[in-house]
>>> print(open('query26.cif').read())   # mmCIF, C-alpha atoms
data_input
#
loop_
_atom_site.label_atom_id
_atom_site.label_comp_id
_atom_site.auth_asym_id
_atom_site.auth_seq_id
_atom_site.Cartn_x
_atom_site.Cartn_y
_atom_site.Cartn_z
CA MET A 116 8.23 -8.64 10.26
CA LEU A 117 5.72 -6.99 12.57
CA LYS A 118 2.41 -8.74 13.27
CA LEU A 119 -0.89 -7.30 14.39
CA SER A 120 -2.50 -9.73 16.79
CA PRO A 121 -6.23 -9.70 17.54
CA CYS A 122 -5.46 -8.09 20.93
CA ALA A 123 -3.39 -5.22 19.52
CA ALA A 124 -5.20 -1.91 19.11
CA VAL A 125 -2.82 -0.20 16.67
CA LEU A 126 0.32 -1.16 14.82
CA ALA A 127 2.49 1.32 12.99
CA LEU A 128 5.30 0.54 10.60
CA ALA A 129 7.32 3.29 8.93
CA LEU A 130 9.30 2.82 5.79
CA ILE A 131 11.24 5.78 4.46
CA ALA A 132 12.47 4.23 1.21
CA SER A 133 15.86 3.12 2.41
CA PRO A 134 17.86 0.17 1.11
CA ALA A 135 18.39 -1.02 4.68
CA LEU A 136 14.62 -1.41 5.11
CA ALA A 137 13.70 -2.45 1.59
CA GLY A 138 14.71 -6.10 1.87
CA ASP A 139 15.80 -7.32 -1.54
CA GLY A 140 17.35 -4.08 -2.80
CA HIS A 141 14.63 -3.59 -5.40
CA GLY A 142 12.13 -1.68 -3.30
CA HIS A 143 9.71 -4.54 -2.74
CA GLY A 144 9.61 -4.28 1.02
CA GLY A 145 11.35 -7.63 1.43
CA HIS A 146 8.91 -9.82 -0.48
CA SER A 147 10.25 -12.35 -2.93
CA HIS A 148 9.45 -12.70 -6.60
CA ASP A 149 10.32 -16.39 -6.51
CA GLY A 150 7.56 -18.93 -6.37
CA HIS A 151 4.50 -16.80 -5.64
CA GLY A 152 3.34 -16.59 -9.26
CA HIS A 153 1.70 -13.16 -8.98
CA ALA A 154 2.39 -10.35 -11.42
CA HIS A 155 3.46 -7.11 -9.78
CA ASP A 156 1.81 -3.88 -10.81
CA HIS A 157 4.99 -1.85 -10.86
CA ASP A 158 7.92 -1.61 -13.20
CA HIS A 159 11.31 -0.29 -12.11
CA GLY A 160 11.97 1.10 -15.59
CA LYS A 161 8.98 3.42 -15.14
CA MET A 162 9.64 4.47 -11.54
CA ARG A 163 9.51 8.24 -11.05
CA MET A 164 12.06 9.64 -8.65
CA ILE A 165 11.11 12.39 -6.20
CA PRO A 166 12.71 15.54 -7.67
CA ASP A 167 15.77 17.04 -6.00
CA GLY A 168 14.81 19.86 -3.69
CA HIS A 169 11.34 18.45 -3.00
CA GLY A 170 12.19 16.96 0.38
CA ALA A 171 12.08 13.36 1.49
CA ALA A 172 8.75 11.62 1.02
CA SER A 173 7.64 8.83 3.32
CA ILE A 174 4.75 6.49 4.02
CA THR A 175 3.75 4.99 7.36
CA LEU A 176 0.93 2.49 7.89
CA ALA A 177 -1.15 2.28 11.04
CA ALA A 178 -3.72 -0.53 11.28
CA SER A 179 -6.44 -1.17 13.83
CA GLU A 180 -9.10 -3.87 13.97
CA ASP A 181 -12.50 -2.71 12.80
CA THR A 182 -15.36 -3.43 15.20
CA MET A 183 -17.46 -4.98 12.40
CA SER A 184 -15.02 -6.67 10.01
CA GLY A 185 -11.35 -6.66 9.13
CA TYR A 186 -9.09 -3.68 9.70
CA ASN A 187 -8.93 0.06 9.15
CA LEU A 188 -5.62 1.12 7.61
CA GLN A 189 -4.31 4.67 7.87
CA LEU A 190 -1.72 5.90 5.38
CA ILE A 191 0.43 8.54 7.05
CA ILE A 192 2.37 10.30 4.32
CA ASP A 193 4.83 13.17 4.11
CA ASN A 194 5.59 15.27 1.02
CA PHE A 195 2.98 13.59 -1.21
CA THR A 196 -0.52 14.72 -2.19
CA PHE A 197 -3.47 12.50 -3.10
CA SER A 198 -4.97 13.78 -6.37
CA PRO A 199 -7.81 11.57 -7.67
CA GLN A 200 -8.98 14.45 -9.87
CA HIS A 201 -5.73 14.17 -11.90
CA THR A 202 -5.65 10.39 -12.44
CA GLY A 203 -4.31 9.62 -15.91
CA GLN A 204 -2.82 13.10 -16.37
CA LYS A 205 0.84 14.06 -16.57
CA THR A 206 2.11 16.37 -13.85
CA ASP A 207 5.37 17.55 -12.36
CA ALA A 208 3.90 17.62 -8.86
CA VAL A 209 4.63 14.84 -6.37
CA GLU A 210 1.05 13.62 -6.29
CA GLY A 211 -1.10 10.68 -7.28
CA HIS A 212 -2.69 7.77 -5.45
CA ALA A 213 -1.74 4.57 -3.67
CA HIS A 214 -1.99 0.97 -4.81
CA LEU A 215 -3.14 -1.56 -2.20
CA TYR A 216 -1.82 -5.12 -2.37
CA ILE A 217 -2.76 -8.06 -0.19
CA ASN A 218 -0.44 -11.06 -0.40
CA ASP A 219 1.14 -9.57 -3.55
CA GLU A 220 -2.18 -9.18 -5.39
CA LYS A 221 -3.42 -5.70 -6.21
CA VAL A 222 -6.88 -5.25 -4.71
CA GLY A 223 -7.42 -1.59 -5.52
CA ARG A 224 -6.42 2.03 -5.59
CA VAL A 225 -6.53 4.34 -2.60
CA TYR A 226 -7.27 8.06 -3.01
CA SER A 227 -7.14 9.22 0.61
CA ASP A 228 -5.36 8.49 3.84
CA TRP A 229 -7.79 5.83 5.15
CA VAL A 230 -8.94 2.50 3.68
CA HIS A 231 -11.02 -0.33 5.12
CA ILE A 232 -9.76 -3.88 4.58
CA PRO A 233 -12.73 -6.25 4.98
CA ALA A 234 -12.14 -9.62 6.66
CA ALA A 235 -13.28 -11.27 3.39
CA TRP A 236 -10.14 -9.94 1.67
CA LEU A 237 -7.83 -11.73 4.14
CA GLN A 238 -6.76 -15.37 4.23
CA GLU A 239 -6.77 -17.28 7.51
CA GLY A 240 -3.48 -16.49 9.32
CA GLU A 241 -0.84 -14.00 8.23
CA ASN A 242 -1.49 -11.60 5.35
CA THR A 243 1.04 -9.15 3.94
CA VAL A 244 -0.50 -5.79 3.11
CA ARG A 245 1.62 -3.48 0.95
CA VAL A 246 0.83 0.07 -0.08
CA SER A 247 2.80 1.88 -2.78
CA LEU A 248 2.65 5.56 -3.68
CA ASN A 249 2.09 6.05 -7.41
CA ASP A 250 1.93 9.01 -9.78
CA ASN A 251 -1.20 9.93 -11.73
CA GLU A 252 -0.17 7.61 -14.57
CA HIS A 253 0.33 4.68 -12.12
CA ALA A 254 4.16 4.68 -12.12
CA PRO A 255 5.52 4.07 -8.62
CA TRP A 256 7.16 7.02 -6.91
CA GLY A 257 10.65 6.40 -5.57
CA GLN A 258 13.63 8.06 -4.00
CA ASP A 259 17.21 6.87 -3.73
CA ASP A 260 16.26 4.23 -6.37
CA GLU A 261 13.77 2.59 -3.99
CA ALA A 262 9.98 2.49 -4.37
CA LEU A 263 8.00 4.49 -1.82
CA GLU A 264 5.98 1.77 -0.17
CA ALA A 265 5.29 0.25 3.22
CA THR A 266 4.13 -3.16 4.39
CA VAL A 267 2.36 -4.53 7.43
CA THR A 268 1.23 -8.04 8.38
CA LEU A 269 -2.41 -8.48 9.39
CA MET A 270 -3.97 -11.59 10.86
CA GLY A 271 -6.95 -13.09 9.05
CA HIS A 272 -9.50 -14.73 11.34
CA GLY A 273 -11.87 -16.22 8.77
CA MET A 274 -15.42 -15.07 8.22
CA LYS A 275 -17.71 -14.61 11.22
CA ALA A 276 -21.44 -14.94 10.72
CA GLY A 277 -23.04 -11.55 10.15
CA HIS A 278 -19.71 -9.72 9.94
CA GLY A 279 -18.81 -10.10 6.25
CA ASP A 280 -18.40 -6.99 4.16
CA SER A 281 -19.83 -8.26 0.89
CA HIS A 282 -20.54 -4.82 -0.57
CA ALA A 283 -16.92 -3.66 -0.59
CA ALA A 284 -15.81 -2.58 -4.05
CA HIS A 285 -12.58 -3.83 -5.58
CA SER A 286 -11.17 -1.35 -8.09
CA ASN A 287 -8.14 -1.66 -10.30
#
>>> encode(input="query26.cif", output="structure tokens")
Amino acid sequence: MLKLSPCAAVLALALIASPALAGDGHGHGGHSHDGHGHAHDHDHGKMRMIPDGHGAASITLAASEDTMSGYNLQLIIDNFTFSPQHTGQKTDAVEGHAHLYINDEKVGRVYSDWVHIPAAWLQEGENTVRVSLNDNEHAPWGQDDEALEATVTLMGHGMKAGHGDSHAAHSN
């Protein structure tokens, strides 16, 4: 697993929904369901597959430390469109939003290609950040029977005086 140290400027991790990269064969990016006690916000029975002829979709994450607090995370996507104006609506288009998880807990939805992760959201030490691409009705997008998602490990450094981001909104 890749780690972003405090000295690193940018870390990129690409995951193009492939069983070789997916870890446990169920599209969870290698995390385990055993022993962590957190409910996952995706269901394989509801996964929507990218239609034939659409082209391969992918997600890449690039993270850099924010000068004030935490990290800035860029979602680099191919063959997927963010569509916050269609949330909750059925569509045949490969569009929707992303779900952001930190240490297997959903912390919010993402409707564009950048999101700030405040230091307050991170535990001291290693934190696994996972981003999944979801359709407008929240079902995860997949291809080749694997969820379209990517993970990166970020280091939490604890709160520094005057650098907390207490006004950050958590949405579900």
>>> resolve_selection(input="query26.cif", expression="the PyMOL selection byres ((chain A and resi 181) around 10)", output="PyMOL selection string")
chain A and resi 124+178-180+182-188+231-234
>>> atom_distance(input="query26.cif", atom1="atom CA of Met164 of chain A", atom2="atom CA of Asn242 of chain A")
28.8 Å
>>> closest_residue(input="query26.cif", among="A:Asn251, A:Thr243, A:Thr175, A:Thr266", to="Ile192 of chain A", atoms="all atoms listed in the file")
A:Thr175
>>> atom_distance(input="query26.cif", atom1="atom CA of Glu239 of chain A", atom2="atom CA of Pro255 of chain A")
29.4 Å
>>> resolve_selection(input="query26.cif", expression="the PyMOL selection byres ((chain A and resi 226) around 6)", output="number ranges by chain")
A: 197, 199, 212, 225, 227
>>> closest_residue(input="query26.cif", among="A:Leu263, A:Leu176, A:Leu190, A:Ala208", to="Leu248 of chain A", atoms="all atoms listed in the file")
A:Leu263
>>> residues_near_point(input="query26.cif", point="(-7.8, -1.1, -1.3)", cutoff="10 Å", atoms="all atoms listed in the file", output="MDAnalysis selection string")
chainID A and resid 188 213:217 221:226 229:233 236 244:246 283:287
>>> atom_distance(input="query26.cif", atom1="atom CA of Pro166 of chain A", atom2="atom CA of Glu252 of chain A")
16.6 Å
>>> residues_around(input="query26.cif", residues="Trp256 of chain A", least_positions_apart="6", cutoff="8 Å", atoms="all atoms listed in the file", output="list in words")
Met162, Arg163, Met164, Ile165, Ser247, Leu248, Asn249, Asp250, Ala262 and Leu263 of chain A
>>> residues_around(input="query26.cif", residues="Phe195 of chain A", least_positions_apart="4", cutoff="8 Å", atoms="only C-alpha atoms", output="ChimeraX atom specification")
/A:172,209-211
>>> closest_residue(input="query26.cif", among="A:Glu241, A:Asp228, A:Asp193, A:Glu220", to="Gly170 of chain A", atoms="only C-alpha atoms")
A:Asp193
>>> closest_residue(input="query26.cif", among="A:Ala254, A:Ala171, A:Asp260, A:Gly271", to="Gly203 of chain A", atoms="all atoms listed in the file")
A:Ala254
>>> closest_residue(input="query26.cif", among="A:Glu261, A:Lys205, A:Ser173, A:Asn218", to="Gln238 of chain A", atoms="all atoms listed in the file")
A:Asn218
